[in-house]
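Coordinates from run_23.cif are shown below (mmCIF, C-alpha atoms).
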data_work
#
loop_
_atom_site.label_atom_id
_atom_site.label_comp_id
_atom_site.auth_asym_id
_atom_site.auth_seq_id
_atom_site.Cartn_x
_atom_site.Cartn_y
_atom_site.Cartn_z
CA MET A 1169 6.41 256.53 -221.28
CA GLN A 1170 7.07 252.78 -221.40
CA SER A 1171 4.35 250.22 -222.18
CA GLY A 1172 1.72 252.84 -221.43
CA LEU A 1173 3.27 253.74 -218.06
CA TRP A 1174 4.93 257.03 -217.20
CA THR A 1175 8.62 256.69 -216.49
CA ILE A 1176 11.09 259.30 -215.32
CA GLY A 1177 14.83 258.94 -215.06
CA ALA A 1178 17.47 257.20 -217.13
CA ASP A 1179 17.21 253.56 -218.18
CA THR A 1180 18.80 251.00 -215.88
CA GLU A 1181 20.57 247.74 -216.57
CA GLY A 1182 18.61 244.52 -216.39
CA PRO A 1183 19.14 241.67 -213.91
CA PRO A 1184 21.43 240.91 -212.19
CA LEU A 1185 22.59 244.52 -212.04
CA VAL A 1186 19.31 246.26 -211.24
CA ALA A 1187 18.09 246.90 -207.70
CA VAL A 1188 14.32 247.28 -207.64
CA LEU A 1189 11.89 248.55 -205.03
CA GLU A 1190 8.13 248.49 -205.38
CA VAL A 1191 6.65 251.45 -203.53
CA GLY A 1192 3.10 252.76 -203.54
CA ASP A 1193 1.88 252.61 -207.16
CA ALA A 1194 5.37 252.85 -208.63
CA VAL A 1195 8.60 250.94 -209.07
CA MET A 1196 12.02 252.49 -208.42
CA SER A 1197 15.14 250.97 -209.95
CA TRP A 1198 18.85 251.64 -209.76
CA THR A 1199 21.85 250.06 -211.47
CA VAL A 1200 23.82 248.85 -208.45
CA ASP A 1201 27.28 249.81 -209.65
CA VAL A 1202 26.30 253.20 -211.10
CA THR A 1203 25.82 256.35 -209.03
CA GLY A 1204 22.76 258.42 -209.79
CA PRO A 1205 19.03 258.91 -209.28
CA PRO A 1206 16.62 256.06 -209.96
CA GLN A 1207 14.33 255.36 -212.81
CA ILE A 1208 10.76 255.60 -211.51
CA THR A 1209 7.95 253.84 -213.35
CA PHE A 1210 4.48 254.87 -212.21
CA LEU A 1211 1.84 252.17 -212.07
CA ASP A 1212 -0.75 254.80 -211.09
CA HIS A 1213 0.72 258.27 -210.85
CA ASP A 1214 -2.49 259.68 -209.35
CA GLN A 1215 -2.00 257.48 -206.27
CA ALA A 1216 1.74 258.03 -205.79
CA ASP A 1217 1.24 260.30 -202.79
CA TRP A 1218 4.83 259.81 -201.61
CA LEU A 1219 6.13 261.74 -204.63
CA TRP A 1220 6.06 265.08 -202.83
CA HIS A 1221 8.66 263.71 -200.38
CA VAL A 1222 10.97 263.20 -203.35
CA VAL A 1223 10.45 266.31 -205.50
CA GLY A 1224 8.74 268.68 -203.08
CA GLU A 1225 5.16 269.85 -203.13
CA ALA A 1226 5.57 272.12 -206.15
CA GLY A 1227 7.39 269.45 -208.12
CA HIS A 1228 4.71 266.90 -207.24
CA ILE A 1229 1.97 269.19 -208.50
CA ALA A 1230 3.87 269.94 -211.71
CA LEU A 1231 4.61 266.28 -212.48
CA ALA A 1232 1.09 265.14 -211.67
CA ALA A 1233 -0.41 267.83 -213.89
CA GLY A 1234 1.93 266.99 -216.75
CA MET A 1235 1.21 263.26 -216.63
CA ALA A 1236 -2.54 263.91 -216.39
CA ASP A 1237 -2.57 266.26 -219.40
CA PRO A 1238 -4.20 264.39 -222.33
CA ALA A 1239 -2.36 266.68 -224.75
CA VAL A 1240 1.00 265.37 -223.58
CA GLY A 1241 2.17 262.47 -225.70
CA PRO A 1242 4.68 259.75 -224.87
CA GLY A 1243 8.17 261.09 -224.49
CA SER A 1244 7.13 264.76 -224.75
CA LEU A 1245 6.83 265.62 -221.06
CA GLU A 1246 9.35 268.30 -220.14
CA ILE A 1247 8.98 270.09 -216.81
CA GLY A 1248 11.69 272.48 -215.76
CA GLY A 1249 12.73 273.22 -212.22
CA VAL A 1250 11.75 269.86 -210.74
CA GLU A 1251 14.59 268.50 -208.64
CA ILE A 1252 14.92 265.64 -206.19
CA VAL A 1253 15.02 266.80 -202.59
CA ALA A 1254 18.45 266.14 -201.07
CA GLY A 1255 18.48 262.86 -199.17
CA ALA A 1256 14.89 262.00 -200.08
CA LEU A 1257 15.86 258.75 -201.80
CA GLU A 1258 18.62 257.54 -199.47
CA VAL A 1259 16.38 255.14 -197.55
CA PRO A 1260 14.52 253.68 -200.57
CA GLN A 1261 17.79 253.31 -202.47
CA ARG A 1262 19.40 251.46 -199.58
CA LEU A 1263 16.27 249.38 -199.20
CA ALA A 1264 16.39 248.47 -202.89
CA LEU A 1265 20.03 247.50 -202.40
CA GLY A 1266 19.06 245.32 -199.46
CA HIS A 1267 16.57 243.41 -201.60
CA TRP A 1268 19.23 243.09 -204.29
CA LEU A 1269 21.62 241.57 -201.76
CA ARG A 1270 18.91 239.11 -200.73
CA ARG A 1271 18.34 238.00 -204.32
CA TRP A 1272 21.63 238.39 -206.16
CA TRP A 1273 24.56 238.12 -203.72
CA PRO A 1274 26.92 235.75 -205.61
CA THR A 1275 27.98 233.29 -202.92
CA SER A 1276 30.67 231.05 -204.38
CA VAL A 1277 33.11 228.45 -203.13
CA ARG A 1278 35.13 228.71 -206.31
CA ASP A 1279 35.24 232.52 -206.33
CA ALA A 1280 35.81 232.72 -202.53
CA ILE A 1281 32.78 234.94 -201.97
CA GLY A 1282 31.17 233.93 -198.69
CA PRO A 1283 27.44 234.25 -197.99
CA LEU A 1284 25.61 237.00 -196.19
CA ASP A 1285 23.83 236.05 -193.01
CA ALA A 1286 20.17 235.88 -194.04
CA ALA A 1287 18.79 236.63 -190.58
CA LEU A 1288 20.88 239.77 -190.10
CA LEU A 1289 20.19 240.98 -193.63
CA ASP A 1290 16.44 240.44 -193.40
CA ALA A 1291 16.33 242.11 -190.00
CA GLU A 1292 18.02 245.24 -191.32
CA VAL A 1293 15.86 245.29 -194.46
CA ALA A 1294 12.81 245.04 -192.19
CA THR A 1295 13.93 248.00 -190.07
CA LEU A 1296 14.56 250.08 -193.19
CA THR A 1297 11.13 249.15 -194.51
CA ALA A 1298 9.57 250.40 -191.28
CA ASP A 1299 11.52 253.65 -191.62
CA ALA A 1300 10.20 254.14 -195.14
CA GLN A 1301 6.49 253.56 -194.52
CA HIS A 1302 5.53 256.85 -196.20
CA PHE A 1303 6.61 255.18 -199.46
CA PHE A 1304 4.22 252.28 -198.76
CA PRO A 1305 0.70 253.69 -198.28
CA ALA A 1306 -0.62 250.22 -199.15
CA ASP A 1307 0.83 246.72 -199.15
CA THR A 1308 3.40 246.07 -201.85
CA PHE A 1309 5.68 243.17 -202.67
CA ASP A 1310 8.54 244.85 -200.78
CA SER A 1311 6.70 246.23 -197.75
CA ASP A 1312 5.95 243.08 -195.70
CA VAL A 1313 7.98 243.53 -192.52
CA ALA A 1314 6.47 240.49 -190.79
CA ALA A 1315 7.37 238.16 -193.67
CA LEU A 1316 10.98 239.35 -193.56
CA LEU A 1317 11.35 238.64 -189.84
CA ALA A 1318 9.15 235.57 -189.32
CA PRO A 1319 11.69 232.83 -190.24
CA HIS A 1320 14.58 234.16 -188.16
CA ALA A 1321 13.77 234.00 -184.44
CA ALA A 1322 16.16 231.13 -183.68
CA ALA A 1323 19.02 232.53 -185.78
CA LEU A 1324 18.68 236.00 -184.28
CA THR A 1325 18.73 234.50 -180.78
CA ARG A 1326 22.05 232.79 -181.54
CA HIS A 1327 23.44 236.07 -182.81
CA VAL A 1328 22.34 237.98 -179.73
CA ARG A 1329 23.95 235.40 -177.46
CA GLY A 1330 27.16 235.98 -179.39
CA GLY A 1331 27.33 239.40 -177.73
CA ASP A 1332 28.15 241.70 -180.66
CA HIS A 1333 26.65 245.07 -179.67
CA ARG A 1334 25.90 245.94 -183.30
CA VAL A 1335 23.82 242.80 -183.62
CA VAL A 1336 22.06 243.41 -180.32
CA GLN A 1337 21.04 246.92 -181.37
CA LEU A 1338 19.73 245.72 -184.73
CA VAL A 1339 17.84 242.78 -183.26
CA SER A 1340 16.32 244.96 -180.53
CA ARG A 1341 14.72 247.10 -183.21
CA ALA A 1342 13.61 244.00 -185.13
CA VAL A 1343 11.90 242.58 -182.05
CA GLU A 1344 10.03 245.85 -181.61
CA LEU A 1345 8.76 245.46 -185.16
CA VAL A 1346 7.74 241.86 -184.51
CA GLU A 1347 5.65 243.03 -181.57
CA GLU A 1348 4.13 245.86 -183.62
CA THR A 1349 3.24 243.64 -186.58
CA GLY A 1350 2.10 240.59 -184.63
CA ALA A 1351 4.66 238.36 -186.36
CA ALA A 1352 5.46 236.67 -183.03
CA ALA A 1353 1.94 235.31 -182.65
CA GLY A 1354 2.47 232.33 -184.94
CA PRO A 1355 3.88 228.85 -184.31
CA ASP A 1356 7.30 230.31 -183.44
CA SER A 1357 5.97 232.44 -180.59
CA ALA A 1358 8.09 230.56 -178.05
CA LEU A 1359 11.22 231.25 -180.09
CA TRP A 1360 10.46 234.97 -180.10
CA LEU A 1361 10.05 234.86 -176.32
CA ASP A 1362 13.46 233.21 -176.10
CA LEU A 1363 14.88 235.99 -178.24
CA ALA A 1364 13.33 238.68 -176.04
CA ASP A 1365 14.84 236.95 -173.00
CA ALA A 1366 18.26 236.83 -174.67
CA LEU A 1367 18.03 240.55 -175.39
CA ASP A 1368 17.19 241.29 -171.76
CA LYS A 1369 20.39 239.49 -170.72
CA SER A 1370 22.62 240.99 -173.41
CA ASP A 1371 25.30 243.63 -173.06
CA LEU A 1372 24.72 246.52 -175.46
CA HIS A 1373 28.33 247.62 -175.02
CA ALA A 1374 30.06 244.31 -175.71
CA PRO A 1375 32.88 244.54 -178.26
CA ALA A 1376 32.01 243.85 -181.86
CA GLY A 1377 32.45 240.24 -182.87
CA VAL A 1378 32.54 238.77 -179.37
CA GLY A 1379 31.16 235.26 -179.30
CA ARG A 1380 30.42 235.17 -183.03
CA GLN A 1381 31.30 232.03 -184.88
CA ASP A 1382 31.17 231.70 -188.61
CA GLU A 1383 28.60 229.11 -189.63
CA TYR A 1384 29.91 228.79 -193.13
CA ALA A 1385 33.25 227.66 -194.46
CA LEU A 1386 34.30 227.71 -198.05
CA ALA A 1387 35.25 224.23 -199.15
CA ALA A 1388 38.16 223.40 -201.38
CA GLY A 1389 38.01 221.33 -204.52
CA ASN A 1390 35.48 220.86 -207.29
CA PRO A 1391 32.32 219.04 -206.21
CA THR A 1392 31.30 218.58 -209.84
CA GLY A 1393 34.44 216.65 -210.73
CA SER A 1394 33.85 213.17 -212.10
CA ASN A 1395 36.18 210.25 -212.62
CA LEU A 1396 33.87 208.54 -215.08
CA ASP A 1397 35.13 207.92 -218.59
CA GLY A 1398 33.02 209.52 -221.24
CA ILE A 1399 32.30 209.86 -224.90
CA ALA A 1400 32.03 213.60 -224.38
CA ARG A 1401 31.96 216.03 -221.50
CA GLY A 1402 31.80 219.73 -220.84
CA THR A 1403 30.77 222.45 -218.46
CA ALA A 1404 28.17 225.18 -218.41
CA THR A 1405 27.36 228.26 -216.37
CA ILE A 1406 24.15 228.37 -214.36
CA LYS A 1407 22.62 231.75 -215.02
CA TRP A 1408 21.64 233.47 -211.80
CA GLY A 1409 18.26 234.63 -213.01
CA ALA A 1410 17.34 231.12 -214.16
CA VAL A 1411 17.29 229.46 -210.74
CA PRO A 1412 16.25 230.18 -207.14
CA PRO A 1413 18.77 232.35 -205.26
CA HIS A 1414 21.52 230.88 -203.09
CA THR A 1415 21.04 227.35 -204.40
CA PHE A 1416 24.06 226.93 -206.69
CA ASP A 1417 27.62 228.21 -206.59
CA ALA A 1418 27.55 231.54 -208.43
CA ALA A 1419 30.87 231.09 -210.25
CA GLU A 1420 31.11 230.38 -213.96
CA ASN A 1421 31.04 226.80 -215.25
CA THR A 1422 29.68 225.11 -212.14
CA ALA A 1423 27.54 222.58 -214.03
CA GLU A 1424 29.16 219.56 -215.64
CA TRP A 1425 27.70 217.19 -218.21
CA LEU A 1426 29.07 213.84 -219.27
CA VAL A 1427 27.99 211.28 -221.85
CA PRO A 1428 29.38 208.03 -220.37
CA ASN A 1429 30.94 205.45 -222.67
CA ASP A 1430 29.54 202.49 -220.79
CA PHE A 1431 25.78 202.53 -220.44
CA GLY A 1432 25.29 198.84 -221.23
CA ASP A 1433 21.76 198.02 -222.23
CA ALA A 1434 20.43 201.26 -220.76
CA THR A 1435 19.13 204.13 -222.84
CA ALA A 1436 21.74 206.61 -224.06
CA THR A 1437 22.13 209.17 -221.31
CA ALA A 1438 23.97 212.25 -220.19
CA VAL A 1439 24.90 212.69 -216.54
CA VAL A 1440 24.68 216.20 -215.08
CA ARG A 1441 26.19 217.42 -211.81
CA THR A 1442 26.01 220.89 -210.32
CA MET A 1443 27.70 222.68 -207.42
CA VAL A 1444 24.97 223.09 -204.80
CA ILE A 1445 25.66 225.44 -201.87
CA GLY A 1446 22.26 225.64 -200.22
CA GLY A 1447 18.55 225.19 -200.65
CA ASP A 1448 16.95 222.29 -202.46
CA PRO A 1449 17.59 221.95 -206.21
CA SER A 1450 15.02 219.16 -206.58
CA GLY A 1451 12.77 219.62 -209.57
CA ILE A 1452 14.81 222.29 -211.34
CA ALA A 1453 14.72 221.63 -215.07
CA VAL A 1454 17.87 220.74 -216.96
CA THR A 1455 18.15 220.49 -220.73
CA LEU A 1456 20.99 219.35 -222.96
CA ARG A 1457 21.08 220.14 -226.68
CA SER A 1458 23.79 219.14 -229.13
CA GLY A 1459 22.73 219.42 -232.75
CA GLY A 1460 20.01 216.85 -233.28
CA ILE A 1461 20.62 215.15 -229.93
CA VAL A 1462 18.45 216.52 -227.12
CA GLY A 1463 17.26 215.53 -223.68
CA ALA A 1464 15.61 216.97 -220.59
CA ALA A 1465 15.22 215.96 -216.96
CA GLU A 1466 15.01 217.43 -213.46
CA LEU A 1467 17.70 217.73 -210.82
CA ASP A 1468 17.49 215.62 -207.71
CA GLY A 1469 18.21 216.80 -204.17
CA SER A 1470 21.97 216.56 -204.68
CA GLY A 1471 21.89 218.70 -207.82
CA ALA A 1472 22.42 215.79 -210.21
CA ALA A 1473 20.36 214.40 -213.07
CA ARG A 1474 20.45 211.64 -215.63
CA ILE A 1475 19.10 212.75 -219.00
CA ALA A 1476 17.77 210.31 -221.57
CA LEU A 1477 19.06 211.43 -224.97
CA ARG A 1478 16.95 211.38 -228.11
CA THR A 1479 17.33 212.14 -231.80
CA GLY A 1480 13.80 213.02 -232.74
CA GLU A 1481 11.73 209.93 -231.88
CA ASP A 1482 14.72 207.64 -231.75
CA THR A 1483 17.41 206.76 -229.24
CA PRO A 1484 20.94 207.34 -230.55
CA SER A 1485 23.17 204.30 -230.75
CA GLU A 1486 26.59 204.14 -229.13
CA SER A 1487 28.26 204.50 -232.51
CA GLU A 1488 26.17 207.60 -233.22
CA LEU A 1489 27.23 209.09 -229.92
CA TRP A 1490 30.92 208.40 -230.67
CA GLY A 1491 30.62 209.92 -234.13
CA HIS A 1492 28.70 213.00 -233.02
CA ASP A 1493 30.29 216.47 -232.93
CA TRP A 1494 29.71 217.62 -229.34
CA SER A 1495 31.48 220.98 -229.72
CA SER A 1496 28.27 223.01 -229.81
CA THR A 1497 26.61 221.29 -226.84
CA ALA A 1498 24.55 223.59 -224.64
CA LEU A 1499 23.46 222.67 -221.13
CA THR A 1500 20.70 224.80 -219.56
CA VAL A 1501 19.90 224.61 -215.86
CA GLY A 1502 16.64 226.28 -214.87
CA ALA A 1503 14.74 228.70 -217.06
CA ALA A 1504 16.02 229.97 -220.38
CA VAL A 1505 17.05 233.58 -219.71
CA SER A 1506 19.28 236.12 -221.37
CA GLU A 1507 22.08 237.07 -218.99
CA PRO A 1508 25.43 238.30 -220.30
CA VAL A 1509 28.55 237.03 -218.55
CA GLN A 1510 29.71 240.66 -218.34
CA ALA A 1511 26.75 241.46 -216.09
CA ARG A 1512 27.71 238.71 -213.66
CA GLU A 1513 31.33 239.89 -213.68
CA ARG A 1514 30.20 243.42 -212.83
CA ALA A 1515 28.07 242.09 -209.97
CA ARG A 1516 31.02 240.13 -208.58
CA ALA A 1517 33.27 243.17 -208.82
CA PHE A 1518 30.62 245.24 -207.04
CA VAL A 1519 30.34 242.90 -204.06
CA ARG A 1520 34.10 242.31 -203.85
CA ALA A 1521 34.64 246.06 -203.61
CA ARG A 1522 32.05 246.31 -200.84
CA LEU A 1523 33.69 243.45 -198.92
CA ALA A 1524 37.17 244.92 -199.34
CA ALA A 1525 36.09 248.32 -198.04
CA PRO A 1526 32.51 248.39 -196.70
CA PRO A 1527 30.95 251.71 -197.72
CA ALA A 1528 28.76 253.96 -195.60
CA ASP A 1529 25.60 252.22 -196.82
CA ALA A 1530 26.91 248.71 -196.05
CA PHE A 1531 24.53 246.37 -194.28
CA LEU A 1532 25.64 244.74 -191.05
CA ALA A 1533 25.53 241.37 -192.81
CA GLU A 1534 28.08 242.68 -195.31
CA ILE A 1535 30.31 244.06 -192.56
CA VAL A 1536 30.22 240.75 -190.67
CA ALA A 1537 31.07 238.90 -193.91
CA ALA A 1538 33.96 241.27 -194.56
CA GLU A 1539 35.31 240.64 -191.06
CA SER A 1540 35.20 236.87 -191.44
CA ASP A 1541 38.21 234.82 -192.41
CA TYR A 1542 37.28 232.54 -195.23
#

Starting from the file, lay out its structure as structure tokens.
Amino acid sequence: MQSGLWTIGADTEGPPLVAVLEVGDAVMSWTVDVTGPPQITFLDHDQADWLWHVVGEAGHIALAAGMADPAVGPGSLEIGGVEIVAGALEVPQRLALGHWLRRWWPTSVRDAIGPLDAALLDAEVATLTADAQHFFPADTFDSDVAALLAPHAAALTRHVRGGDHRVVQLVSRAVELVEETGAAAGPDSALWLDLADALDKSDLHAPAGVGRQDEYALAAGNPTGSNLDGIARGTATIKWGAVPPHTFDAAENTAEWLVPNDFGDATATAVVRTMVIGGDPSGIAVTLRSGGIVGAAELDGSGAARIALRTGEDTPSESELWGHDWSSTALTVGAAVSEPVQARERARAFVRARLAAPPADAFLAEIVAAESDY
């Protein structure tokens, strides 16, 4: 039992290595690069009616009785003979992986890890969600098929017109779901009609990859590089869990700070630049701390910020800045989170292995990325 909730299964790693799926009155979690059953935390074990699909009817009865027994204390529940039904968790595990790919895929110019196509990924996650409805007797955070599909009508139309039969088959199923859920009734209804028309004209047997053009190219160079002279400068890593996904390059040390040596009559400042790859970084907090010198600001739309530096209530003079020991300077972009570098390295190794040899559970978006020439 954890925090008053019943939990079965081994502990998992934390973000960014944990794939999580909220099902009916429970949360399933897997460590992405470890093979094995999930940890299941029950929010309300009495309402987890899907459990019999996982452990069988007898196992469901035994587990429910054990968790309902007031004589059973935390950590003392032992029920023999309860086993997971073969294949029962394949769909939810793959669905959890799909949500992990949506949140944590480490797109990086510097590390040469290209992005996953969001429209294809969301479409496949939506179809899996529909296939796993017995795990979602009520609405959960991860069960909204319409929300997954709604933004992607135009992008899916372009994919269908590319002629890849794998895409056409996936999108055909997604359009069926749009019609079932009513997602096409909104302001993009005309776009969904265009998509249906494109499907009608498509060739389900066209060779894979025909007509597909990569919409993303990895750029060379270091966008954070600066030619300004400075009193001090350094780099920092943007922790993945601290910022919105797919906004910054996911490599290490992609934020640069600089204390310029020529700020004239202006307040002492530090200039911050980050490697932005998508989304809008505007408003994301950035903080610099170096001993008694501190400052905070927000990034602009280009991923840059100018931070006014302070020492308590005062502004440091130029001579103070020159004489300061900047070796312990820490730059934080986004929220303050604990995220070991080893966890990010494991996540990169995990996705590189999947790109090098897409496994049986690979999503079409991963396969398309693996086929692309970066």

- Message: Under the rule that all atoms listed in the file are counted, which of A:Val1339, A:Leu1185, A:Val1202, A:Met1443 is the nearest residue to Glu1507 in chain A?
- Response: A:Leu1185

Assuming the chain letters and numbering stay as they are in my file, what does the PyMOL selection byres ((chain A and resi 1408) around 12) actually select? List them as a PDB file with C-alpha atoms, keeping the file's coordinate frame.
ATOM      1  CA  PRO A1183      19.140 241.670-213.910  1.00  0.00           C
ATOM      2  CA  PRO A1184      21.430 240.910-212.190  1.00  0.00           C
ATOM      3  CA  LEU A1185      22.590 244.520-212.040  1.00  0.00           C
ATOM      4  CA  ARG A1271      18.340 238.000-204.320  1.00  0.00           C
ATOM      5  CA  TRP A1272      21.630 238.390-206.160  1.00  0.00           C
ATOM      6  CA  TRP A1273      24.560 238.120-203.720  1.00  0.00           C
ATOM      7  CA  PRO A1274      26.920 235.750-205.610  1.00  0.00           C
ATOM      8  CA  THR A1275      27.980 233.290-202.920  1.00  0.00           C
ATOM      9  CA  SER A1276      30.670 231.050-204.380  1.00  0.00           C
ATOM     10  CA  THR A1405      27.360 228.260-216.370  1.00  0.00           C
ATOM     11  CA  ILE A1406      24.150 228.370-214.360  1.00  0.00           C
ATOM     12  CA  LYS A1407      22.620 231.750-215.020  1.00  0.00           C
ATOM     13  CA  GLY A1409      18.260 234.630-213.010  1.00  0.00           C
ATOM     14  CA  ALA A1410      17.340 231.120-214.160  1.00  0.00           C
ATOM     15  CA  VAL A1411      17.290 229.460-210.740  1.00  0.00           C
ATOM     16  CA  PRO A1412      16.250 230.180-207.140  1.00  0.00           C
ATOM     17  CA  PRO A1413      18.770 232.350-205.260  1.00  0.00           C
ATOM     18  CA  HIS A1414      21.520 230.880-203.090  1.00  0.00           C
ATOM     19  CA  THR A1415      21.040 227.350-204.400  1.00  0.00           C
ATOM     20  CA  PHE A1416      24.060 226.930-206.690  1.00  0.00           C
ATOM     21  CA  ASP A1417      27.620 228.210-206.590  1.00  0.00           C
ATOM     22  CA  ALA A1418      27.550 231.540-208.430  1.00  0.00           C
ATOM     23  CA  ALA A1419      30.870 231.090-210.250  1.00  0.00           C
ATOM     24  CA  GLU A1420      31.110 230.380-213.960  1.00  0.00           C
ATOM     25  CA  THR A1422      29.680 225.110-212.140  1.00  0.00           C
ATOM     26  CA  THR A1500      20.700 224.800-219.560  1.00  0.00           C
ATOM     27  CA  VAL A1501      19.900 224.610-215.860  1.00  0.00           C
ATOM     28  CA  GLY A1502      16.640 226.280-214.870  1.00  0.00           C
ATOM     29  CA  ALA A1503      14.740 228.700-217.060  1.00  0.00           C
ATOM     30  CA  ALA A1504      16.020 229.970-220.380  1.00  0.00           C
ATOM     31  CA  VAL A1505      17.050 233.580-219.710  1.00  0.00           C
ATOM     32  CA  SER A1506      19.280 236.120-221.370  1.00  0.00           C
ATOM     33  CA  GLU A1507      22.080 237.070-218.990  1.00  0.00           C
ATOM     34  CA  PRO A1508      25.430 238.300-220.300  1.00  0.00           C
ATOM     35  CA  VAL A1509      28.550 237.030-218.550  1.00  0.00           C
ATOM     36  CA  ALA A1511      26.750 241.460-216.090  1.00  0.00           C
ATOM     37  CA  ARG A1512      27.710 238.710-213.660  1.00  0.00           C
ATOM     38  CA  GLU A1513      31.330 239.890-213.680  1.00  0.00           C
ATOM     39  CA  ALA A1515      28.070 242.090-209.970  1.00  0.00           C
ATOM     40  CA  ARG A1516      31.020 240.130-208.580  1.00  0.00           C
TER      41      ARG A1516
END

- Message: Ranking A:Asp1201, A:Asp1179, A:Asp1217, A:Asp1448 by minimum distance to Gln1301 in chain A and counting only C-alpha atoms, which one comes first?
- Response: A:Asp1217

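You will find CA of Arg1520 in chain A at 27.8 Å from CA of Ala1342 in chain A.
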
- Between CA of Leu1284 in chain A and CA of Glu1534 in chain A, what is the distance, to one decimal in Å? 6.3 Å

- Item | Point-to-point distance in Å for CA of Thr1180 in chain A and CA of Ser1197 in chain A | 7.0 Å

- Message: Could you check which residues have any atom within 12 Å of (5.3, 242.3, -201.2), counting all atoms listed in the file with coordinates taken straight from the file, and then list them as a list in words?
- Response: Leu1189, Glu1190, Val1191, Gly1192, His1267, Thr1297, Phe1304, Ala1306, Asp1307, Thr1308, Phe1309, Asp1310, Ser1311, Asp1312, Val1313, Ala1314, Ala1315 and Leu1316 of chain A

Would you export the selected residues with C-alpha atoms as a PDB file, in the coordinates of the input, please?
ATOM      1  CA  LEU A1189      11.890 248.550-205.030  1.00  0.00           C
ATOM      2  CA  GLU A1190       8.130 248.490-205.380  1.00  0.00           C
ATOM      3  CA  VAL A1191       6.650 251.450-203.530  1.00  0.00           C
ATOM      4  CA  GLY A1192       3.100 252.760-203.540  1.00  0.00           C
ATOM      5  CA  HIS A1267      16.570 243.410-201.600  1.00  0.00           C
ATOM      6  CA  THR A1297      11.130 249.150-194.510  1.00  0.00           C
ATOM      7  CA  PHE A1304       4.220 252.280-198.760  1.00  0.00           C
ATOM      8  CA  ALA A1306      -0.620 250.220-199.150  1.00  0.00           C
ATOM      9  CA  ASP A1307       0.830 246.720-199.150  1.00  0.00           C
ATOM     10  CA  THR A1308       3.400 246.070-201.850  1.00  0.00           C
ATOM     11  CA  PHE A1309       5.680 243.170-202.670  1.00  0.00           C
ATOM     12  CA  ASP A1310       8.540 244.850-200.780  1.00  0.00           C
ATOM     13  CA  SER A1311       6.700 246.230-197.750  1.00  0.00           C
ATOM     14  CA  ASP A1312       5.950 243.080-195.700  1.00  0.00           C
ATOM     15  CA  VAL A1313       7.980 243.530-192.520  1.00  0.00           C
ATOM     16  CA  ALA A1314       6.470 240.490-190.790  1.00  0.00           C
ATOM     17  CA  ALA A1315       7.370 238.160-193.670  1.00  0.00           C
ATOM     18  CA  LEU A1316      10.980 239.350-193.560  1.00  0.00           C
TER      19      LEU A1316
END

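Minimum distance to Ala1473 in chain A across A:Pro1449, A:Pro1283, A:Pro1205, A:Gly1350 (counting only C-alpha atoms) occurs at A:Pro1449.
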
- Task: Tell me which protein, DNA and RNA residues are within 9 Å of Asp1285 in chain A, counting all atoms listed in the file, leaving out same-chain ones fewer than 6 positions away, and put them as a list in words.
- Result: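 Answer for this query is Ala1533, Glu1534, Val1536 and Ala1537 of chain A.
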
- Item | Option closest in space to Arg1262 in chain A, from A:Val1462, A:Val1200, A:Val1343, A:Leu1219 [counting all atoms listed in the file] |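 Among A:Val1462, A:Val1200, A:Val1343, A:Leu1219, it is A:Val1200 that comes nearest to Arg1262 in chain A.
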
- Message: Can you translate the PyMOL selection byres ((chain A and resi 1265) around 9) into the concrete residues it hits in this file, as a PyMOL selection string?
- Response: chain A and resi 1186-1189+1198+1200+1260-1264+1266-1270

Dump C-alpha atoms for the selected residues as an mmCIF file, in the frame of the given file?
data_model
loop_
_atom_site.group_PDB
_atom_site.id
_atom_site.type_symbol
_atom_site.label_atom_id
_atom_site.label_comp_id
_atom_site.auth_asym_id
_atom_site.auth_seq_id
_atom_site.Cartn_x
_atom_site.Cartn_y
_atom_site.Cartn_z
ATOM 1 C CA VAL A 1186 19.310 246.260 -211.240
ATOM 2 C CA ALA A 1187 18.090 246.900 -207.700
ATOM 3 C CA VAL A 1188 14.320 247.280 -207.640
ATOM 4 C CA LEU A 1189 11.890 248.550 -205.030
ATOM 5 C CA TRP A 1198 18.850 251.640 -209.760
ATOM 6 C CA VAL A 1200 23.820 248.850 -208.450
ATOM 7 C CA PRO A 1260 14.520 253.680 -200.570
ATOM 8 C CA GLN A 1261 17.790 253.310 -202.470
ATOM 9 C CA ARG A 1262 19.400 251.460 -199.580
ATOM 10 C CA LEU A 1263 16.270 249.380 -199.200
ATOM 11 C CA ALA A 1264 16.390 248.470 -202.890
ATOM 12 C CA GLY A 1266 19.060 245.320 -199.460
ATOM 13 C CA HIS A 1267 16.570 243.410 -201.600
ATOM 14 C CA TRP A 1268 19.230 243.090 -204.290
ATOM 15 C CA LEU A 1269 21.620 241.570 -201.760
ATOM 16 C CA ARG A 1270 18.910 239.110 -200.730
#

- Run the PyMOL selection byres ((chain A and resi 1477) around 6) against the file shown and list the residues it catches, as a PyMOL selection string. chain A and resi 1436-1437+1462-1463+1476+1478

If you keep C-alpha atoms, can you produce a file of those selected residues as a short mmCIF file (atom, residue, chain, number, x, y, z; two decimals), in the coordinates of the input?
data_model
loop_
_atom_site.label_atom_id
_atom_site.label_comp_id
_atom_site.auth_asym_id
_atom_site.auth_seq_id
_atom_site.Cartn_x
_atom_site.Cartn_y
_atom_site.Cartn_z
CA ALA A 1436 21.74 206.61 -224.06
CA THR A 1437 22.13 209.17 -221.31
CA VAL A 1462 18.45 216.52 -227.12
CA GLY A 1463 17.26 215.53 -223.68
CA ALA A 1476 17.77 210.31 -221.57
CA ARG A 1478 16.95 211.38 -228.11
#

- Task: Give as number ranges by chain each residue that has an atom at most 9 Å from (12.1, 244.7, -184.7) in the file, counting only C-alpha atoms.
- Result: A: 1291-1292, 1294-1295, 1313, 1317, 1338-1348
